[in-house]
Each structure stands twice: as structure tokens, then as C-alpha cells.
Amino acid sequence: MWNLIQLVFFRFAAGGWIPPQWFEPDLPLESDRAARKGHLKVEVVSHCWNYSHFLVYQLSSVVLFPPKKLDVIMTVFYSPEDTKTKALLDFFSEQVVPGVSWNWQPLPKQQLFRRAIGRNRAALATKADWVWFTDCDLMLRDNCLDALAEVLKGRQDALLFPEIERTTDLLTENNPMLQAGSTEPQVLDIDTTSFTSRRISKATGPLQIAHGDVCRAVGYCRNIRLYQQPVESFAKCHEDRAFRWLLRSQGEPVSIPGVFRIRHVAKGRYSGNETRSRLRTWLRVWQSRRRDRMHN
């Protein structure tokens, strides 16, 4: 009950009804953030639980479209209990890609299930100029990273996001695209002809690009205890909204190509009885169709 009360409170607070300074007083002033140019370093922070058939496309996108104008640290939080993801990461550890370093971060699954725990750890420890917090169903394809290098130079914003992403319809688990990702570990390309463009209005969960100085100073919802507590099943990611609130920004849009995301009906990271799973699926489809109508 106490956790539910906290959840309601922080959703209310993140709507702008509570001063963010109460929970994060150390946000660096824009003038105190480095306006770095030259050859930048970006850390991409993802996490995976039972989603290796999506993660394979994300990691492959970096191999197939390696950056030339910046260095990338690919950080993935995972649980060794997820043996398919562990095998996939072992495979990609052997892939040598100029400008890319692999950074696999194992966590007990109870910590992995609260996404903000890994994100907070990565934010506080990062050595990068910028950190892209994302999900494992997002790909960084054609010229994405090199275009990002150009738009980041000299910027001091707390939070950015790509203004356009290309997505699939909601796919079921028997879709050939998802089935292909379920085979043995490999570098795997994807047919992008079925993806359509969507305009983004704020820095949502997989599209949050934060300044490195901000990350090192404030982490990721570090002072909200609820969002740093391990849980027994995958927690819904309300902390994305709180992060924007704490940074006093919905994010500034940037124009970069090659941002692709697979949308899918089934939520393999969740567990529960069949009735609950069907309800979640119905709600997910309804919410997705509603968002699509709003974007059109």
C-alpha cells in the first residue's frame, strides 16, 4: 500500500505540481555544463530481460552502421538467469567494431526489473559526453550516430530526443521479424520497408538523450527511493516521466535519421496468469492505437 501511495504521489509530482528542487537540488546550471565539440563519446544504455530477439537487432545495427564521427559505449544491463540474452552478449563481445566498445552489466533480476536502478548506476558512472537511455527494441541505423555527433556539438541542453522515429505496427510473436531474432546469435539485419515515421513530442523512455554532466551530477531519479528499490516482477516504467520532471525539461528535439523501433504486442518481460496477460495485451493494443491516432 505504501508503494502505491508513493507511486501516485510521484506521478502527481512529475505532472509539475511539486517543485523538482525538493527531490533534486543539484541539477547543474546550463552555463556550468560543458559545451563539448570535437570527437564526442556517447553511451547508449539499454536493458534486456527475455528480449534477446529484439536486442539482436539493436546490437546488430551498431555493427552494420558503425559510427565514424564519435565513439560509442554500448551498455546493456541483463540478468545471467536470462540465458538467451547472456549467449547473445557473449557472441557480440567477439565482434570488433571500430569506435564501439561493449559494456555488459549483470544484475540480479530483482534489480533489473526496476529499470531506473541500472540507468541510475550508468548515469552516475558514465565517462561519456552524452548518455542515450533507450530500450532494446530500438535500433540506431543508417547514419544515426554520425548525424547525432554533429547535432550534439556545443550543446548544453539537459535533455534531447530525436524528433522522428520509424516504427512497425504492433507485431505478434509469430511475426517473421521476431522469429528471425529468436535463432542462434548472429549479426542480423532487418527489412525496414514496413516501418513508418512518427513525430515525437518529448523525451520518452527509449528516446532520452541526457547531457553527461547532468547524468554524473544527478543520476537517474537517484533521490526517489521508490524507483531505486528492487522488485520481484518487472515494474512499469513510470520513472521516465519523473526523470524529465527532475531535469526541468521535456527535452529538445534534434533531427537525426536512422532511429527505428520494433513495436510488439507481447510483453515477454512480464509474468502472471493468462487472464492478466490478455488484459495487458488488450490495453497495450488500445493505447498504441490511441497514440497512433494522435500522431496522425
# chains A, B, ... in the order shown; residues from 1 in each chain; ligands from 1
>>> residues_around(residues="Ala149 of chain A", least_positions_apart="3", cutoff="10 Å", atoms="only C-alpha atoms", output="PyMOL selection string")
chain A and resi 37-42+67-71+143-146+152-153+256
>>> write_last_selection(atoms="C-alpha atoms", output="PDB file, in the first residue's frame")
ATOM      1  CA  LYS A  37      32.954  19.744 -29.610  1.00  0.00           C
ATOM      2  CA  GLY A  38      35.459  17.593 -31.420  1.00  0.00           C
ATOM      3  CA  HIS A  39      35.214  13.806 -31.283  1.00  0.00           C
ATOM      4  CA  LEU A  40      32.479  13.031 -28.765  1.00  0.00           C
ATOM      5  CA  LYS A  41      31.721   9.939 -26.721  1.00  0.00           C
ATOM      6  CA  VAL A  42      28.131   8.712 -26.320  1.00  0.00           C
ATOM      7  CA  PRO A  67      29.979   5.415 -36.141  1.00  0.00           C
ATOM      8  CA  LYS A  68      32.872   7.320 -37.656  1.00  0.00           C
ATOM      9  CA  LYS A  69      32.385  10.727 -36.026  1.00  0.00           C
ATOM     10  CA  LEU A  70      32.030   9.672 -32.386  1.00  0.00           C
ATOM     11  CA  ASP A  71      32.822   6.796 -30.035  1.00  0.00           C
ATOM     12  CA  ASN A 143      23.870   7.488 -40.312  1.00  0.00           C
ATOM     13  CA  CYS A 144      22.084   7.820 -36.962  1.00  0.00           C
ATOM     14  CA  LEU A 145      25.177   8.040 -34.778  1.00  0.00           C
ATOM     15  CA  ASP A 146      27.239  10.231 -37.103  1.00  0.00           C
ATOM     16  CA  LEU A 152      25.424  17.365 -30.164  1.00  0.00           C
ATOM     17  CA  LYS A 153      28.462  19.561 -30.712  1.00  0.00           C
ATOM     18  CA  ILE A 256      18.731  12.606 -36.760  1.00  0.00           C
TER      19      ILE A 256
END
>>> select_by_dssp(residues="segment 41-248 of chain A", states="alpha helix (DSSP H)", output="PyMOL selection string")
chain A and resi 52-64+83-93+109-112+115-125+144-152+176-180+212-218+239-246
>>> write_last_selection(atoms="C-alpha atoms", output="mmCIF file, in the first residue's frame")
data_model
loop_
_atom_site.group_PDB
_atom_site.id
_atom_site.type_symbol
_atom_site.label_atom_id
_atom_site.label_comp_id
_atom_site.auth_asym_id
_atom_site.auth_seq_id
_atom_site.Cartn_x
_atom_site.Cartn_y
_atom_site.Cartn_z
ATOM 1 C CA SER A 52 17.117 -11.182 -26.876
ATOM 2 C CA HIS A 53 15.128 -11.430 -30.148
ATOM 3 C CA PHE A 54 14.868 -7.616 -30.066
ATOM 4 C CA LEU A 55 18.307 -6.894 -28.631
ATOM 5 C CA VAL A 56 19.949 -8.758 -31.519
ATOM 6 C CA TYR A 57 18.662 -6.069 -33.890
ATOM 7 C CA GLN A 58 19.882 -3.234 -31.690
ATOM 8 C CA LEU A 59 23.399 -4.613 -31.329
ATOM 9 C CA SER A 60 23.495 -5.585 -34.997
ATOM 10 C CA SER A 61 22.551 -2.050 -36.032
ATOM 11 C CA VAL A 62 25.695 -0.721 -34.382
ATOM 12 C CA VAL A 63 27.809 -3.388 -36.098
ATOM 13 C CA LEU A 64 26.226 -2.805 -39.502
ATOM 14 C CA THR A 83 20.484 -17.470 -20.733
ATOM 15 C CA LYS A 84 19.467 -16.416 -24.263
ATOM 16 C CA THR A 85 20.466 -12.819 -23.610
ATOM 17 C CA LYS A 86 23.705 -13.979 -21.955
ATOM 18 C CA ALA A 87 24.551 -16.082 -25.036
ATOM 19 C CA LEU A 88 23.779 -13.146 -27.346
ATOM 20 C CA LEU A 89 26.021 -10.795 -25.363
ATOM 21 C CA ASP A 90 28.812 -13.378 -25.355
ATOM 22 C CA PHE A 91 28.555 -13.531 -29.140
ATOM 23 C CA PHE A 92 28.678 -9.763 -29.611
ATOM 24 C CA SER A 93 31.611 -9.492 -27.215
ATOM 25 C CA LYS A 109 16.925 -9.904 -11.818
ATOM 26 C CA GLN A 110 15.120 -8.065 -8.995
ATOM 27 C CA GLN A 111 17.314 -5.022 -9.720
ATOM 28 C CA LEU A 112 16.954 -5.424 -13.471
ATOM 29 C CA ARG A 115 14.804 -0.090 -14.912
ATOM 30 C CA ALA A 116 15.827 3.083 -13.076
ATOM 31 C CA ILE A 117 18.335 1.131 -10.971
ATOM 32 C CA GLY A 118 20.541 0.311 -13.943
ATOM 33 C CA ARG A 119 20.008 3.695 -15.528
ATOM 34 C CA ASN A 120 20.985 5.446 -12.302
ATOM 35 C CA ARG A 121 24.110 3.329 -11.974
ATOM 36 C CA ALA A 122 25.123 4.061 -15.552
ATOM 37 C CA ALA A 123 24.386 7.784 -15.241
ATOM 38 C CA LEU A 124 26.484 8.284 -12.122
ATOM 39 C CA ALA A 125 29.416 6.284 -13.515
ATOM 40 C CA CYS A 144 22.084 7.820 -36.962
ATOM 41 C CA LEU A 145 25.177 8.040 -34.778
ATOM 42 C CA ASP A 146 27.239 10.231 -37.103
ATOM 43 C CA ALA A 147 24.346 12.669 -37.511
ATOM 44 C CA LEU A 148 23.975 12.655 -33.731
ATOM 45 C CA ALA A 149 27.652 13.605 -33.429
ATOM 46 C CA GLU A 150 27.002 16.731 -35.453
ATOM 47 C CA VAL A 151 23.883 17.904 -33.602
ATOM 48 C CA LEU A 152 25.424 17.365 -30.164
ATOM 49 C CA PRO A 176 8.836 -13.466 -39.183
ATOM 50 C CA MET A 177 10.837 -10.460 -37.983
ATOM 51 C CA LEU A 178 10.650 -11.623 -34.371
ATOM 52 C CA GLN A 179 11.088 -15.266 -35.290
ATOM 53 C CA ALA A 180 14.318 -14.444 -37.131
ATOM 54 C CA GLY A 212 26.876 13.709 -19.420
ATOM 55 C CA ASP A 213 27.499 16.409 -16.806
ATOM 56 C CA VAL A 214 23.832 16.233 -15.809
ATOM 57 C CA CYS A 215 23.961 12.440 -15.530
ATOM 58 C CA ARG A 216 27.056 12.463 -13.326
ATOM 59 C CA ALA A 217 25.525 15.101 -11.056
ATOM 60 C CA VAL A 218 22.000 13.774 -10.564
ATOM 61 C CA GLU A 239 10.295 6.890 -13.747
ATOM 62 C CA ASP A 240 10.783 8.134 -17.333
ATOM 63 C CA ARG A 241 8.310 10.920 -16.640
ATOM 64 C CA ALA A 242 9.909 11.663 -13.272
ATOM 65 C CA PHE A 243 13.326 11.973 -14.931
ATOM 66 C CA ARG A 244 12.028 14.710 -17.232
ATOM 67 C CA TRP A 245 10.456 16.457 -14.254
ATOM 68 C CA LEU A 246 13.703 16.360 -12.264
#
>>> select_by_dssp(residues="segment 95-221 of chain A", states="strand (DSSP E or B)", output="number ranges by chain")
A: 100-106, 130-133, 138-140, 159-162, 164-167, 171, 196-199, 208-211
>>> write_last_selection(atoms="C-alpha atoms", output="PDB file, in the first residue's frame")
ATOM      1  CA  VAL A 100      32.367   0.844 -30.435  1.00  0.00           C
ATOM      2  CA  SER A 101      33.049  -0.729 -27.040  1.00  0.00           C
ATOM      3  CA  TRP A 102      30.779  -3.285 -25.389  1.00  0.00           C
ATOM      4  CA  ASN A 103      29.861  -2.888 -21.726  1.00  0.00           C
ATOM      5  CA  TRP A 104      27.707  -5.706 -20.311  1.00  0.00           C
ATOM      6  CA  GLN A 105      26.414  -5.122 -16.785  1.00  0.00           C
ATOM      7  CA  PRO A 106      24.942  -8.156 -14.990  1.00  0.00           C
ATOM      8  CA  TRP A 130      26.135  12.300 -23.583  1.00  0.00           C
ATOM      9  CA  VAL A 131      24.051   9.317 -22.473  1.00  0.00           C
ATOM     10  CA  TRP A 132      21.243   7.861 -24.580  1.00  0.00           C
ATOM     11  CA  PHE A 133      18.817   5.946 -22.340  1.00  0.00           C
ATOM     12  CA  LEU A 138      15.308   0.415 -30.682  1.00  0.00           C
ATOM     13  CA  MET A 139      17.895   0.439 -33.490  1.00  0.00           C
ATOM     14  CA  LEU A 140      20.491   3.046 -34.426  1.00  0.00           C
ATOM     15  CA  LEU A 159      17.808  16.524 -22.337  1.00  0.00           C
ATOM     16  CA  LEU A 160      17.327  15.915 -26.059  1.00  0.00           C
ATOM     17  CA  PHE A 161      15.319  13.482 -28.169  1.00  0.00           C
ATOM     18  CA  PRO A 162      15.083  12.503 -31.856  1.00  0.00           C
ATOM     19  CA  ILE A 164      11.298  11.401 -35.742  1.00  0.00           C
ATOM     20  CA  GLU A 165      11.354   7.659 -35.168  1.00  0.00           C
ATOM     21  CA  ARG A 166      10.307   4.936 -37.556  1.00  0.00           C
ATOM     22  CA  THR A 167       8.264   2.103 -36.099  1.00  0.00           C
ATOM     23  CA  LEU A 171       3.819  -7.273 -34.027  1.00  0.00           C
ATOM     24  CA  THR A 196       6.542   4.195 -40.827  1.00  0.00           C
ATOM     25  CA  SER A 197       7.579   7.596 -39.471  1.00  0.00           C
ATOM     26  CA  ARG A 198       6.181   9.033 -36.242  1.00  0.00           C
ATOM     27  CA  ARG A 199       6.841  12.529 -34.899  1.00  0.00           C
ATOM     28  CA  GLN A 208      16.106  10.211 -23.693  1.00  0.00           C
ATOM     29  CA  ILE A 209      19.499  11.700 -24.586  1.00  0.00           C
ATOM     30  CA  ALA A 210      20.928  13.395 -21.491  1.00  0.00           C
ATOM     31  CA  HIS A 211      23.994  15.589 -21.043  1.00  0.00           C
TER      32      HIS A 211
END
>>> atom_distance(atom1="atom CA of Leu170 of chain A", atom2="atom CA of Asp142 of chain A")
22.7 Å
>>> closest_residue(among="A:Ile200, A:Gln21, A:Asp26, A:Ile262", to="Thr172 of chain A", atoms="only C-alpha atoms")
A:Ile262
>>> atom_distance(atom1="atom CA of Phe195 of chain A", atom2="atom CA of Phe260 of chain A")
7.7 Å
